[in-house]
Amino acid sequence: MADHEIPKAYDPKAHEDAVYAAWEQSGFFNPDNLPDERKEMFSIVLPPPNVTGTLHMGHAVMLAIEDIMVRFARMRGKKTLWLPGTDHAAIATQTKVEKLLIAGGMKDPRAELGRGAFLERVKTFATESHDVIVKQCKKMGASLDWSREAYTLDSARSTAVRTAFKMMYDDGLIYRGDRMVNWCPRCKSTLADDEVEYIEQKTKFYYFKYGPVVIGTARPETKFADKVIVVHPNDARYKELVGKEMEVEWIDGLVKAKVVADEVADMDMGSGAMTITPAHSFVDFDLAKKYGFEVVQIIGEDGKLTNAAGSFAGQDAHDARTAIVEQLQKKGLVDHVDENYTHNLSVCYRCESPVEPLPKLQWFIDVNKPFAFRASSHAPIDGINDGQMISLKEIMQHVVRSKQIEIIPERFEKTYFHWIDNLRDWNISRQIWFGHRVPVWYRGEEISVSVEALEGDGWEQDPDTLDTWFSSGLWTISTLGWPSSAKASEGKPSDFEQFHPTSVLETGYDILFFWVARMILMTTYAVGEIPFKQVYLHGLVRDEKGRKMSKSLDNIIDPLDMIGKFGADATRLSLVIGGTPGNDSKLSEEKIAGYRNFTNKLWNIARFVLSSAHLPPLTQGEGWGGVCAVTLADRWILGRLAEVTDRVTAHLERYEFSAAGELLRDFTWSEFADWYLEISKLQKSENTDRVLLHVLSTLLKLWHPFMPFVTEVIWKEMGLSKDFLMIAEWPKSGGNMDPRVAGEFTLVQDVVGAIRNLRSQYNVEPAKMVSVTIVSGKRATFIDEQAELIKHLARVGSLTVTANGTAPVQSASAVLGEASIFLSLAGLLDLEKERMRLTKELQGAQDYASTLSAKLDNAEFTSKAPANVVKKMRTNLSEAHERSRALQSQLAVLKK
RNA sequence: GGACGUUUAGCUCAGUUGGUUAGAGCGUUGCAUUCACAUUGCAAAGGUCGAAGGUUCGAAUCCUUCAACGUCCACCA
């Protein structure tokens, strides 16, 4: 036990860093160092934060939830690995550094520095970010195994990336093609479909005369090379025209145009006729491919018009629009202009510049092409055989549909399938410098794809880099040693064999497509295993008004600030309690302050228990098995503790963190502190001390995953064990609540509550002793046995308990189901007030009774409802009647 | 245009397979400050569960329609 003064308030700052350092030093974050032989594995990979800066509340909620999962698993005796790492986040990081360099005075950083020097700058920035991120994870208390830390761009992960690329290339899944891509003229790079965002915008929509038809467009600057008119085959207006060729007057003079019929044309849209722009529209490009039309690029990668734009060549595409329209106007080709057209402008998700669809030679992953599946021998996927021809899309659908991967909450499965249905081939090459260089080398017409670099001999590597999600898609396998050390060596199983597939992937729903789906694709392909058995998706953390936290709104709540102010434990609780999976949650400082109050409450519970319960320290391993239930309160609190232990365990197994936390908080505060601790002040005994210590130590274990710091500090104060609470064994309930005990204790609570209520009604000071009479029929003996308890808890000086009796004069009364309570108020009783109060209560009781009898008189109800429901209702009815009678007789006394 | 989510006390949210006076925290109101904790204690007030229909002996819970708010996807003819 503590032989020194424990401070009145818990000060997180005084303990947190030291506790984390001690945990780290123990080595127990690394599963290989866990003390006993552990058979069952539990593994999570940390979704690697981007090295673009610092952690925000979204990361904090992720760390809090995952740490709960991990600490719970570890305490339950599983060989537990939580593997940390960071993501180089190619475009995001490069863009961020470019912005910083520009802010520092550079005009075009890439041009001014060159590839090598520029990458050095990015690397320096990434290293600094990484260090900050690691520090922040530690501040949160995250029990990550830092000895296994990984980085998406380090050498082991680069080998994995090149290996996967080569496998896919050899299987014919990776191909190089001239295809439409989303091009960001500012980043000078392509973007994946889901890296494009849309902003609603009002713009002009032009209708032009194009030969015999009128066509509509919002982007006149792309229309120079339009040579094909498309109409719907069923459109009567244009039936005659289909198949014809003609010369039409256009922007830069006459062009030769022809008319084709295709169902993509929408008869109800505009004039029903359109021309196509194969080089700058995904739909038109597909159409051009289908009919073999020429693809002429009008807008270049610099965002300027190409030579195909004739007299406008070299102008900025967006700026040239007005001049082009003017030229058409002069020729009398403008039919009319819709000034109020709203459409969605596509912009780059990183820099918000307008995105230009254009054709470009790029690397793609074919998601529809069947290949020969390579099954895993140690964790095979059910339903797909070795060598079976199957496409990536089909695998992605299969593993979720067959529930081999379970998504929580389930509704996101729908979103997932919908996304896959719309999935096109994945463009994986980017024209940026920071990232994994495409492992392809060229020499003249020759192409070589290689894991090892090809040096000299005239080989030149592709200048492009890979989409950042290509490397993070390999995260579960690349961090566990694939491909280099995926196999056992010297009889020792490898990390990959032990920990893959990982148990659960915990992340925000906003990266379900970006990352989760890509991991499923890459992992099932590369190793023939699912990457994780479950996906738990948390919601976004928003501000107290429900807005996203952002710099421009200046509403960012910084996790580090909150940890400094309220402690890591309080910050964690505020992020976990009150939220449900997949739903956004609102966070405010007041909320965190509320949980700071709770950590302090727990601290003071411990302070009280440790100062009042003096027992010789138990030797390690002995535990508190000797704890006995002597009094009613002992039986009650131990029974409740058993119930709470079971329910908290069940909640945590189902990832119901909020429910588990609320249950624990209510038990800790409203039952253990408010009732048992108060009772213990009266019923002092060695056994009471044992009960206090037992409940406290069990609570520390149950709370530990949620609030690791304060529980570990108290655990040390208790001196129960030399070992950390972090590796203590998770409690087992070891018993049930006796329903009779529950009923009896509830009666005591109700009696005490009724007396307190009467005191409050008459403004009797809490400290003042009062006189009370309880008339309680067959419960009189029991209540009399508990007289001391009731007197203590309700501050009663004189208590009379009788089986039968009449109300004492000058007293306020309350009626419980089994007892009538009278509080003596000599001279203070307000007859009128008392009469009104009792009348109101009587009314309530009678209304309730009549509702119940109406139900019970209904034969359909009594015949169809389950017997226990009917029985319970009969009991309630007789109680209501009894209560009404008691209230009536009390009113009668008052009237005298 | 398609899909999903939310709507319960002033605020933030729970509410298990439908079961009978709808719960918590914060806030509010009243009383209390040597006695573990004012980062506290005791008590109270406060809700026709978004609307309208339906199923059922019984609906916050299941079905239909509608409304408001939010999110994602598609789309620059």
# chains A, B, ... in the order shown; residues from 1 in each chain; ligands from 1

$ residues_around --residues "Val695 in chain A" --least-positions-apart "4" --cutoff "9 Å" --atoms "only C-alpha atoms (C1' of nucleotides)" --output "list in words"
Ile637, Leu638, Leu641, Phe672, Arg690, Val691, Leu699 and Leu700 of chain A

$ select_by_dssp --residues "range 539-737 of chain A" --states "alpha helix (DSSP H)" --output "PyMOL selection string"
chain A and resi 559-566+568-576+589-612+632-653+657-666+678-682+686-703+708-718

$ residues_around --residues "Tyr536 in chain A" --least-positions-apart "2" --cutoff "9 Å" --atoms "only C-alpha atoms (C1' of nucleotides)" --output "count of residues only"
15

$ closest_residue --among "A:Ile557, A:Ile592, A:Val451, A:Leu392" --to "G25 in chain B" --atoms "only C-alpha atoms (C1' of nucleotides)"
A:Ile592

$ atom_distance --atom1 "CA of Leu693 in chain A" --atom2 "CA of Ala613 in chain A"
7.3 Å

$ interface_residues --of "chain B" --to "chain A" --cutoff "7 Å" --atoms "only C-alpha atoms (C1' of nucleotides)" --output "MDAnalysis selection string"
chainID B and resid 13 19 21 31:32 36:37 39 43 57 76:77

$ residues_around --residues "Ser685 in chain A" --least-positions-apart "6" --cutoff "12 Å" --atoms "only C-alpha atoms (C1' of nucleotides)" --output "PyMOL selection string"
chain A and resi 612-615+627-631+634+679+691-692

$ write_last_selection --atoms "C-alpha atoms" --output "mmCIF file, in the first residue's frame"
data_model
loop_
_atom_site.group_PDB
_atom_site.id
_atom_site.type_symbol
_atom_site.label_atom_id
_atom_site.label_comp_id
_atom_site.auth_asym_id
_atom_site.auth_seq_id
_atom_site.Cartn_x
_atom_site.Cartn_y
_atom_site.Cartn_z
ATOM 1 C CA SER A 612 -8.885 3.480 4.446
ATOM 2 C CA ALA A 613 -8.183 -0.103 3.467
ATOM 3 C CA HIS A 614 -5.063 -1.277 5.255
ATOM 4 C CA LEU A 615 -4.144 -4.794 4.451
ATOM 5 C CA VAL A 627 -12.689 -11.853 -0.641
ATOM 6 C CA CYS A 628 -16.009 -12.694 1.067
ATOM 7 C CA ALA A 629 -19.478 -11.296 0.876
ATOM 8 C CA VAL A 630 -20.422 -10.677 4.506
ATOM 9 C CA THR A 631 -22.992 -7.919 4.339
ATOM 10 C CA ASP A 634 -20.866 -6.824 -0.131
ATOM 11 C CA ILE A 679 -21.506 2.203 3.095
ATOM 12 C CA VAL A 691 -13.945 -5.973 -1.078
ATOM 13 C CA LEU A 692 -12.880 -2.379 -1.690
#

$ closest_residue --among "A:Leu358, A:Gly114, A:Asp170, A:Trp469" --to "Asp87 in chain A" --atoms "only C-alpha atoms"
A:Trp469

$ atom_distance --atom1 "CA of Phe125 in chain A" --atom2 "CA of Thr93 in chain A"
8.6 Å

$ residues_around --residues "A52 in chain B" --least-positions-apart "3" --cutoff "12 Å" --atoms "only C-alpha atoms (C1' of nucleotides)" --output "mmCIF file with N, CA, C and O atoms (P, O5', C5', C4', C3', O3' and C1' of nucleotides), in the first residue's frame"
data_model
loop_
_atom_site.group_PDB
_atom_site.id
_atom_site.type_symbol
_atom_site.label_atom_id
_atom_site.label_comp_id
_atom_site.auth_asym_id
_atom_site.auth_seq_id
_atom_site.Cartn_x
_atom_site.Cartn_y
_atom_site.Cartn_z
ATOM 1 P P U B 64 -40.585 -0.373 -46.801
ATOM 2 O "O5'" U B 64 -41.882 0.472 -47.137
ATOM 3 C "C5'" U B 64 -42.828 -0.009 -48.086
ATOM 4 C "C4'" U B 64 -43.954 0.977 -48.223
ATOM 5 C "C3'" U B 64 -43.524 2.416 -48.476
ATOM 6 O "O3'" U B 64 -43.210 2.644 -49.841
ATOM 7 C "C1'" U B 64 -45.188 2.387 -46.800
ATOM 8 P P U B 65 -42.132 3.732 -50.244
ATOM 9 O "O5'" U B 65 -42.918 5.087 -49.980
ATOM 10 C "C5'" U B 65 -44.041 5.430 -50.795
ATOM 11 C "C4'" U B 65 -44.752 6.619 -50.221
ATOM 12 C "C3'" U B 65 -43.886 7.854 -49.999
ATOM 13 O "O3'" U B 65 -43.666 8.585 -51.185
ATOM 14 C "C1'" U B 65 -45.200 7.481 -48.077
ATOM 15 P P C B 66 -42.316 9.401 -51.381
ATOM 16 O "O5'" C B 66 -42.523 10.628 -50.385
ATOM 17 C "C5'" C B 66 -43.595 11.552 -50.603
ATOM 18 C "C4'" C B 66 -43.743 12.453 -49.403
ATOM 19 C "C3'" C B 66 -42.503 13.256 -49.028
ATOM 20 O "O3'" C B 66 -42.327 14.385 -49.844
ATOM 21 C "C1'" C B 66 -43.471 12.342 -47.077
ATOM 22 P P A B 67 -40.864 14.984 -50.081
ATOM 23 O "O5'" A B 67 -40.584 15.706 -48.690
ATOM 24 C "C5'" A B 67 -41.423 16.787 -48.259
ATOM 25 C "C4'" A B 67 -41.006 17.228 -46.881
ATOM 26 C "C3'" A B 67 -39.524 17.537 -46.730
ATOM 27 O "O3'" A B 67 -39.216 18.822 -47.209
ATOM 28 C "C1'" A B 67 -40.251 16.223 -44.907
#

$ atom_distance --atom1 "CA of Ala279 in chain A" --atom2 "CA of Gly292 in chain A"
12.9 Å

$ closest_residue --among "B:A59, B:A38, B:C73, B:A68" --to "G18 in chain B" --atoms "only C-alpha atoms (C1' of nucleotides)"
B:A59

$ closest_residue --among "B:A9, B:C75, B:C42, B:C63" --to "C26 in chain B" --atoms "only C-alpha atoms (C1' of nucleotides)"
B:A9

$ residues_around --residues "range 746-752 of chain A" --least-positions-apart "4" --cutoff "12 Å" --atoms "only C-alpha atoms (C1' of nucleotides)" --output "count of residues only"
55

$ select_by_dssp --residues "range 678-882 of chain A" --states "strand (DSSP E)" --output "VMD selection string"
chain A and resid 770 to 775 796 to 802 811 to 815 820 to 824

$ residues_around --residues "Ser353 in chain A" --least-positions-apart "6" --cutoff "9 Å" --atoms "only C-alpha atoms (C1' of nucleotides)" --output "VMD selection string"
chain A and resid 184 to 187 346 to 347

$ decode --residues "range 482-497 of chain A" --atoms "all heavy atoms" --output "CSV table (one decimal), in the first residue's frame"
chain,number,residue,atom,x,y,z
A,482,TRP,N,6.7,-9.6,-46.2
A,482,TRP,CA,6.6,-10.0,-47.6
A,482,TRP,C,7.3,-9.1,-48.5
A,482,TRP,O,7.2,-7.9,-48.4
A,482,TRP,CB,5.1,-10.1,-48.0
A,482,TRP,CG,4.9,-10.7,-49.4
A,482,TRP,CD1,4.8,-12.0,-49.8
A,482,TRP,CD2,4.8,-9.9,-50.6
A,482,TRP,NE1,4.6,-12.0,-51.1
A,482,TRP,CE2,4.6,-10.8,-51.7
A,482,TRP,CE3,4.8,-8.5,-50.9
A,482,TRP,CZ2,4.5,-10.4,-53.0
A,482,TRP,CZ3,4.7,-8.1,-52.2
A,482,TRP,CH2,4.5,-9.0,-53.3
A,483,PRO,N,8.1,-9.5,-49.5
A,483,PRO,CA,8.3,-10.9,-49.9
A,483,PRO,C,9.6,-11.5,-49.2
A,483,PRO,O,9.7,-12.7,-49.2
A,483,PRO,CB,8.4,-10.9,-51.4
A,483,PRO,CG,9.0,-9.5,-51.7
A,483,PRO,CD,8.5,-8.6,-50.6
A,484,SER,N,10.4,-10.6,-48.7
A,484,SER,CA,11.8,-11.1,-48.4
A,484,SER,C,11.8,-12.1,-47.3
A,484,SER,O,12.4,-13.1,-47.4
A,484,SER,CB,12.6,-9.9,-47.9
A,484,SER,OG,12.1,-8.7,-48.4
A,485,SER,N,11.1,-11.9,-46.1
A,485,SER,CA,11.1,-12.8,-45.0
A,485,SER,C,9.8,-13.3,-44.7
A,485,SER,O,9.4,-13.4,-43.5
A,485,SER,CB,11.8,-12.2,-43.8
A,485,SER,OG,11.2,-10.9,-43.5
A,486,ALA,N,9.0,-13.7,-45.7
A,486,ALA,CA,7.6,-14.2,-45.4
A,486,ALA,C,7.7,-15.6,-44.9
A,486,ALA,O,6.7,-16.1,-44.3
A,486,ALA,CB,6.8,-14.1,-46.6
A,487,LYS,N,8.8,-16.3,-45.1
A,487,LYS,CA,8.9,-17.7,-44.7
A,487,LYS,C,9.6,-17.9,-43.4
A,487,LYS,O,10.5,-17.0,-43.0
A,487,LYS,CB,9.6,-18.5,-45.8
A,487,LYS,CG,8.7,-18.7,-47.1
A,487,LYS,CD,7.9,-19.9,-47.0
A,487,LYS,CE,6.6,-19.9,-47.9
A,487,LYS,NZ,6.9,-19.6,-49.3
A,488,ALA,N,9.4,-19.0,-42.7
A,488,ALA,CA,10.1,-19.3,-41.5
A,488,ALA,C,11.6,-19.4,-41.7
A,488,ALA,O,12.0,-19.9,-42.8
A,488,ALA,CB,9.5,-20.6,-40.9
A,489,SER,N,12.4,-19.0,-40.7
A,489,SER,CA,13.8,-19.3,-40.9
A,489,SER,C,14.3,-19.8,-39.5
A,489,SER,O,13.9,-19.4,-38.5
A,489,SER,CB,14.5,-18.0,-41.2
A,489,SER,OG,14.4,-17.1,-40.2
A,490,GLU,N,15.2,-20.8,-39.6
A,490,GLU,CA,15.8,-21.4,-38.4
A,490,GLU,C,14.7,-21.9,-37.5
A,490,GLU,O,14.8,-21.8,-36.2
A,490,GLU,CB,16.7,-20.5,-37.6
A,490,GLU,CG,17.9,-20.1,-38.5
A,490,GLU,CD,18.6,-18.8,-37.9
A,490,GLU,OE1,18.3,-18.5,-36.7
A,490,GLU,OE2,19.3,-18.2,-38.6
A,491,GLY,N,13.6,-22.5,-38.0
A,491,GLY,CA,12.6,-23.0,-37.2
A,491,GLY,C,11.7,-22.0,-36.6
A,491,GLY,O,10.7,-22.4,-35.9
A,492,LYS,N,12.0,-20.8,-36.7
A,492,LYS,CA,11.2,-19.7,-36.1
A,492,LYS,C,10.2,-19.2,-37.1
A,492,LYS,O,10.5,-18.8,-38.2
A,492,LYS,CB,12.1,-18.6,-35.7
A,492,LYS,CG,11.9,-18.1,-34.2
A,492,LYS,CD,12.7,-16.9,-33.9
A,492,LYS,CE,11.8,-15.7,-33.8
A,492,LYS,NZ,12.5,-14.4,-33.9
A,493,PRO,N,8.9,-19.2,-36.7
A,493,PRO,CA,7.9,-18.7,-37.7
A,493,PRO,C,8.1,-17.2,-38.0
A,493,PRO,O,8.5,-16.5,-37.1
A,493,PRO,CB,6.6,-19.0,-37.0
A,493,PRO,CG,6.9,-19.1,-35.5
A,493,PRO,CD,8.3,-19.6,-35.4
A,494,SER,N,7.8,-16.8,-39.2
A,494,SER,CA,8.0,-15.4,-39.6
A,494,SER,C,6.8,-14.6,-39.1
A,494,SER,O,5.8,-15.2,-38.7
A,494,SER,CB,8.1,-15.3,-41.1
A,494,SER,OG,6.9,-15.6,-41.6
A,495,ASP,N,7.0,-13.3,-39.0
A,495,ASP,CA,5.9,-12.4,-38.7
A,495,ASP,C,4.7,-12.7,-39.6
A,495,ASP,O,3.6,-12.7,-39.2
A,495,ASP,CB,6.3,-11.0,-38.9
A,495,ASP,CG,7.1,-10.5,-37.6
A,495,ASP,OD1,7.2,-11.3,-36.7
A,495,ASP,OD2,7.5,-9.3,-37.6
A,496,PHE,N,5.0,-12.8,-40.9
A,496,PHE,CA,4.0,-13.0,-41.9
A,496,PHE,C,3.1,-14.3,-41.5
A,496,PHE,O,1.9,-14.2,-41.5
A,496,PHE,CB,4.5,-13.1,-43.3
A,496,PHE,CG,3.5,-13.2,-44.3
A,496,PHE,CD1,2.8,-12.1,-44.8
A,496,PHE,CD2,3.1,-14.5,-44.8
A,496,PHE,CE1,1.8,-12.2,-45.7
A,496,PHE,CE2,2.1,-14.6,-45.8
A,496,PHE,CZ,1.5,-13.5,-46.3
A,497,GLU,N,3.8,-15.4,-41.2
A,497,GLU,CA,3.1,-16.6,-40.9
A,497,GLU,C,2.3,-16.5,-39.6
A,497,GLU,O,1.2,-17.0,-39.5
A,497,GLU,CB,4.1,-17.8,-40.7
A,497,GLU,CG,4.7,-18.2,-42.1
A,497,GLU,CD,5.8,-19.2,-41.9
A,497,GLU,OE1,6.7,-18.9,-41.1
A,497,GLU,OE2,5.8,-20.2,-42.6
